[in-house]
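First up is the structure itself, then whatever we jot down about it.
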Amino acid sequence: MFRWALGAGVAGASLLGQAAAAHALESRSYVVSYFSQQFNSRDGDCPGGVNPDDQAGQYAVILQGLGYKPDEVKSMMSEWAKGGDGEERINAIVNARAVINGQNVNAYTHPEATKDPGLKFVTSKVGYGFNLDGKDGEVSFTDPQTGEKGVDNMLSRAIGCNQNFRGSWDAPSAYGEWIWVQLKDSQPAWLITITGEDIDKDGPVTVRLTRALEYLKSNLDGSPRHFMTYRVDPDPRSHNEFKAEIKDGELKVTEHKPLSLLWNALSSPVLNLKNTHLRLKMLKGDTLDGLVGGYQPWTEIYFAFSHNGIVGDRPGLYYAMKKAADADPDPKTGMNMSISTAYRITAVPAFVQETPHLRYQSAEVK
Amino acid sequence: MHAKRSAFLKAASAGCIAAVLAACAPAADAPPAAKPAAQAAAGFEPAPAAVPRLTPAQYRATVADIFGPTIDLGGRFEPDLRIDGLLAIGSSGVGVTSAGMEQYDAMADAIAAQVVLDKKNRAMLIPCKPASDKAPDDACAKAFLSNVGRLLFRRPMTAPEVTAYVAAANTAGTKLNSFHDGLAMSLSAMLSSPQFLFRAPQVTKAAGGQSVLDGYSKASQLSFFLWNAAPDAQLLNAAQKGELDTSKGLERQVERMMASHRVEAGVRAFFADMFHFEDFESLRKDNLIYPMFSRREAMDAQEQTLRTLVDLLIANRADYRDVFTTKKTFLTSSLGAIYRVPVVNDRPNGAVDPWQAFEFSADDPRGGILSHASFSALHSPANRSSATVRGKAIREILLCQKVPAPPGNVDFTLVNDTTSYKTARERLTAHSKEPMCAGCHKITDPMGLALESFDGSGAYRTTENGEPIDTSGTLDGKKFNNSYELGLALHDNAAAAACLVDRLSSYALGRKPAKGETPWVAKLKDDFTAGGYVVPDLMKRIATSPEFYRTVPPAATQTASAE
């Protein structure tokens, strides 16, 4: 009665259509209440310490890399610290440290035109995610929750030694927390709808990931509001449906198709994952908590970092991801264009309304 | 402007300030006395008419009707007083404090400035152009002030009033070298005058020698009752022609007003008053306990109930008692989250409306206004539910029964002990073992405990502190097992319908009917029952009753001088 799983109408059940007539299917819907890259980088995981963890330290390293002598660097950083014109002058040197054809250009737009600072990688053998390629290699992790070996999360390994990305399951990274707070109130929410014959029991289900027309509604204390109603954005670019299975209260997708969800320019205009893996624990209080992972174009991740500006040596991150990329080799260059990653995802119960009456029109570039 | 205007106010209205409670002079063109419209109920004895102060909603509606909805009042109102269950009665028992008068003055100045000094508004609202902007023009001032004064005072201005306000505009205009500044002074004075702020009835003698309201006072009483606003030009014209003194003429106007969409405002105002919705202004919830319940949800909650009532009672002319059982309502998506039901705010053709018609399913425990958040949240403390407060509200608000106040030395220790007693029923059972508490709790708690399935924000629950909630009880001998069945018990309780008639007749009169008027109220109750409890019919019966307009002059009251 008060179960929000509905057999027809709202709660995403309308997608069932004819199927519902043949089998008594139920649907439960959720709105994503947290979504951010999942890292595992704790004390001892970055031998010799993390990469320079503040802007001043980072700048000092960059200036040294540009050939300034130690006493010059000290003087320049003193000038930078005072603010005003001095700060702007040093910023200009750092920002335009990339060189193309003898001309200084923006280092974040042209990271290849800077020197690779050689950022450290995480050395831990423990990390969250999925075994995407079925192999257990030297750089693979073991997932502490599932015990699965061969876990591929090269994004975590490549950039986890930067202060803003350090963290774990119970202590999310500063970057992850920051960007979620930025995104949740500035983009339409994402929706999850699970459909099956009896969602409380083990068995096959389908899981649908879509984008809403509405933003996530928060309570006065900032917590996500349960049982709000959201409409599905008719834009097909954010329509994803996977076969999945529930076992012992955990949902896992069983077909590993690509996932596409319109996102936000602050992170990436579109979240594109290949070989999508998803596991969601169905918790008390009807909430979901788990991971979604796959291979993601690493340049899309980089250009989010390059303009949101809080993540340290951004060209350094570019080189780190380029080196760690582990999928989608370019046919011509052989360079891997995607990197394995995993995102923490939580969701709270919601009502979801399909919108067959709304027409989608794509923008055309002429 | 304020200080300068005070002098004009004094000059213009001194004659009436002292006399307002004893009724001002009859209007210049008052129609001749006429026979009563119909026969009064046997044994009926009229009582002195009330002199209510305009409520904030009535003040706003009047200004909007006369000058347009864009006028910003720029002030605040004094709190109203609730007497005998209604603010409408309390409004007849209040005056104006000096702080309140300052606010009325400020609003009068703000309104006058927007109406007269704003060139765009002036062009629309002032029917004439002065010979010069820099000098008084008595003819133009008179044309404007006498027209506006008729609407503000709800009767034609007397000749001395017109003379005084025009003279005031002249004096100020001369000193300020501005026709419009002078006119604004006079308009502001009118807006601060007791003739505008108070609805002072004018009593006249009917042909049979009975004291009745004169035509304009009838128009006011009728209009504030049905529309919660001052009479419109049509009603004033009918009063001027004496049409309200005949059954046919009165019925014609009542029919017109009942057919207007504006009757919705009147119904909303009545139920907002009856259900204490002004308390939403100060309603706050502990956000750690009820994070969903913000001011937005509080406003939506009362709107949900008002929309439900208007739809049920006015649009569908349903049985009043169905308000306790109806599954139909209107919700926003925020309320839908509290009620755990889907509410999509889009309409056909891309229109967006946050309010959506919704019908709870037959097996849903929600039904009737007792299951609305407007009831469960409003009648709960900030951090918990309260079976006693809710039960008291049912007795006093919906059944018009008085629950005695608790003694001053109540020990609340057991009521707050959620460790030893998990549910409200356990706590109240323990508390009620105190003999001095038991009596009142017997009449409040059984009903309130049925509503324990709704927490302090109106969300449904089946357990409290891990223990199942028992929602069974009895109301005046009728058993119920849950909140919906409590609604059914109220539906079938004769006191509920009788209470509505008592409240509505009191609301219409602006006072509790006197002993001599009880035959009229009894007849209204009989007719309401016989007619199937249709609220618009009850409103019409009140509005067309001769008893509604019978009165005696107010008792002479000593009032403050105009100093």
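To be explicit about the labels: the chains of the structure tokens are called A, B, and onward in the order shown, and within each one the residues are counted from 1, while ligands get numbers from 1 in the order they are shown.
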Contacts of stretch 84-95 of chain B at 9 Å (only C-alpha atoms; same-chain gap of 6+ positions) as a PyMOL selection string: chain B and resi 50-55+198+270+273-276+396-397+400+503+506-512
Keeping N, CA and C atoms, export the residues of the selection given above as a CSV table (one decimal), in the first residue's frame.
```csv
chain,number,residue,atom,x,y,z
B,50,ALA,N,-22.2,43.6,15.5
B,50,ALA,CA,-20.8,43.7,15.7
B,50,ALA,C,-20.2,44.8,14.9
B,51,VAL,N,-19.0,45.3,15.4
B,51,VAL,CA,-18.3,46.3,14.7
B,51,VAL,C,-16.9,45.8,14.5
B,52,PRO,N,-16.8,44.9,13.5
B,52,PRO,CA,-15.5,44.3,13.3
B,52,PRO,C,-14.4,45.2,12.6
B,53,ARG,N,-13.2,44.9,13.0
B,53,ARG,CA,-12.1,45.6,12.3
B,53,ARG,C,-11.8,44.8,11.1
B,54,LEU,N,-11.4,45.4,10.0
B,54,LEU,CA,-11.1,44.7,8.8
B,54,LEU,C,-10.0,43.7,9.1
B,55,THR,N,-10.1,42.5,8.6
B,55,THR,CA,-9.0,41.5,8.7
B,55,THR,C,-7.9,41.9,7.7
B,198,PHE,N,-13.0,50.0,10.3
B,198,PHE,CA,-14.0,49.3,11.0
B,198,PHE,C,-15.3,49.2,10.2
B,270,PHE,N,-13.4,31.6,5.4
B,270,PHE,CA,-14.1,31.0,6.6
B,270,PHE,C,-13.4,29.7,7.1
B,273,ASP,N,-10.2,30.4,8.9
B,273,ASP,CA,-10.5,30.9,10.2
B,273,ASP,C,-10.9,29.8,11.2
B,274,MET,N,-11.9,29.0,10.7
B,274,MET,CA,-12.4,27.9,11.5
B,274,MET,C,-11.3,26.9,11.9
B,275,PHE,N,-10.4,26.6,11.0
B,275,PHE,CA,-9.4,25.6,11.2
B,275,PHE,C,-8.1,26.2,11.8
B,276,HIS,N,-8.1,27.4,12.2
B,276,HIS,CA,-6.9,28.1,12.8
B,276,HIS,C,-5.7,28.1,11.9
B,396,GLU,N,-12.7,20.8,19.8
B,396,GLU,CA,-13.0,22.2,19.9
B,396,GLU,C,-13.3,22.8,18.5
B,397,ILE,N,-12.5,22.4,17.5
B,397,ILE,CA,-12.6,23.0,16.2
B,397,ILE,C,-13.7,22.3,15.3
B,400,CYS,N,-17.1,21.8,18.1
B,400,CYS,CA,-17.5,23.0,18.8
B,400,CYS,C,-17.7,22.7,20.3
B,503,ARG,N,-20.5,27.8,13.6
B,503,ARG,CA,-19.4,28.6,13.2
B,503,ARG,C,-19.7,29.5,12.0
B,506,SER,N,-21.9,32.4,13.1
B,506,SER,CA,-21.1,33.3,13.9
B,506,SER,C,-20.1,34.1,13.0
B,507,TYR,N,-19.5,33.4,12.1
B,507,TYR,CA,-18.6,34.1,11.1
B,507,TYR,C,-19.3,35.1,10.3
B,508,ALA,N,-20.5,34.8,9.9
B,508,ALA,CA,-21.3,35.8,9.1
B,508,ALA,C,-21.7,37.0,9.9
B,509,LEU,N,-22.0,36.8,11.1
B,509,LEU,CA,-22.5,37.9,12.0
B,509,LEU,C,-21.3,38.7,12.5
B,510,GLY,N,-20.1,38.0,12.6
B,510,GLY,CA,-19.0,38.7,13.3
B,510,GLY,C,-19.2,38.6,14.8
B,511,ARG,N,-20.0,37.8,15.3
B,511,ARG,CA,-20.2,37.6,16.7
B,511,ARG,C,-21.0,36.3,16.9
B,512,LYS,N,-20.9,35.8,18.1
B,512,LYS,CA,-21.7,34.6,18.5
B,512,LYS,C,-23.1,34.9,18.5
```
Exercise answer, chain A residues close to chain B, 6 Å and only C-alpha atoms, as a ChimeraX atom specification: /A:219-221,227-229,351
Next, write the just-selected residues to a file, as a short mmCIF file (atom, residue, chain, number, x, y, z; two decimals), in the first residue's frame, keeping C-alpha atoms as the atom set.
```cif
data_model
loop_
_atom_site.label_atom_id
_atom_site.label_comp_id
_atom_site.auth_asym_id
_atom_site.auth_seq_id
_atom_site.Cartn_x
_atom_site.Cartn_y
_atom_site.Cartn_z
CA ASN A 219 15.69 18.36 2.65
CA LEU A 220 16.39 21.22 5.01
CA ASP A 221 19.36 19.35 6.46
CA PHE A 227 9.68 9.76 -2.41
CA MET A 228 9.81 12.84 -4.58
CA THR A 229 8.38 12.46 -8.05
CA PHE A 351 8.57 8.03 -7.91
#
```
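Note that atom CA of B:Leu378 and atom CA of B:Thr419 are 25.8 Å apart.
In this model, the gap between atom CA of A:Trp180 and atom CA of A:Gln353 comes to 24.4 Å.
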Those in stretch 77-253 of chain A with alpha helix (DSSP H) from DSSP, as JSON, numbers by chain: {"A": [77, 78, 79, 80, 81, 84, 85, 86, 87, 88, 89, 90, 91, 92, 93, 94, 95, 154, 155, 156, 157, 158, 159, 174, 175, 176, 177, 178, 179, 180, 181, 182, 183, 184]}
Kindly export the residues of the current selection with C-alpha atoms, as an mmCIF file, in the first residue's frame.
```
data_model
loop_
_atom_site.group_PDB
_atom_site.id
_atom_site.type_symbol
_atom_site.label_atom_id
_atom_site.label_comp_id
_atom_site.auth_asym_id
_atom_site.auth_seq_id
_atom_site.Cartn_x
_atom_site.Cartn_y
_atom_site.Cartn_z
ATOM 1 C CA MET A 77 56.710 32.159 -4.075
ATOM 2 C CA SER A 78 57.141 34.879 -1.481
ATOM 3 C CA GLU A 79 55.948 37.381 -4.073
ATOM 4 C CA TRP A 80 53.041 35.072 -4.993
ATOM 5 C CA ALA A 81 51.994 34.716 -1.371
ATOM 6 C CA GLY A 84 48.093 41.363 -5.982
ATOM 7 C CA ASP A 85 50.286 41.983 -8.999
ATOM 8 C CA GLY A 86 52.991 39.623 -7.785
ATOM 9 C CA GLU A 87 50.545 36.747 -7.509
ATOM 10 C CA GLU A 88 49.171 37.480 -10.954
ATOM 11 C CA ARG A 89 52.646 37.532 -12.448
ATOM 12 C CA ILE A 90 53.547 34.117 -11.034
ATOM 13 C CA ASN A 91 50.148 32.719 -11.980
ATOM 14 C CA ALA A 92 50.722 33.871 -15.531
ATOM 15 C CA ILE A 93 54.076 32.079 -15.648
ATOM 16 C CA VAL A 94 52.584 28.866 -14.284
ATOM 17 C CA ASN A 95 49.433 28.959 -16.392
ATOM 18 C CA MET A 154 43.399 2.551 -13.077
ATOM 19 C CA LEU A 155 41.969 6.008 -12.486
ATOM 20 C CA SER A 156 42.282 5.447 -8.761
ATOM 21 C CA ARG A 157 45.791 4.110 -9.169
ATOM 22 C CA ALA A 158 46.881 6.964 -11.455
ATOM 23 C CA ILE A 159 45.662 9.969 -9.516
ATOM 24 C CA ALA A 174 37.629 15.816 -0.941
ATOM 25 C CA TYR A 175 37.208 16.146 -4.683
ATOM 26 C CA GLY A 176 34.390 13.627 -4.724
ATOM 27 C CA GLU A 177 32.513 15.429 -1.970
ATOM 28 C CA TRP A 178 33.130 18.826 -3.508
ATOM 29 C CA ILE A 179 32.012 17.965 -6.986
ATOM 30 C CA TRP A 180 28.889 16.161 -5.812
ATOM 31 C CA VAL A 181 27.815 19.210 -3.835
ATOM 32 C CA GLN A 182 28.396 21.308 -6.945
ATOM 33 C CA LEU A 183 26.565 18.952 -9.251
ATOM 34 C CA LYS A 184 23.529 17.907 -7.284
#
```
Non-local contacts of B:Ala318 (10 Å; only C-alpha atoms; under 2 positions in same chain excluded) as JSON, numbers by chain: {"B": [309, 311, 312, 313, 314, 315, 316, 320, 321, 322, 323, 532, 533, 534, 535, 536]}
Who sits within 7 Å of stretch 355-359 of chain A, only C-alpha atoms, same chain under 2 positions skipped, as a list of chain:residue names: A:Arg231, A:Val232, A:Pro234, A:Gln353, A:Gln361
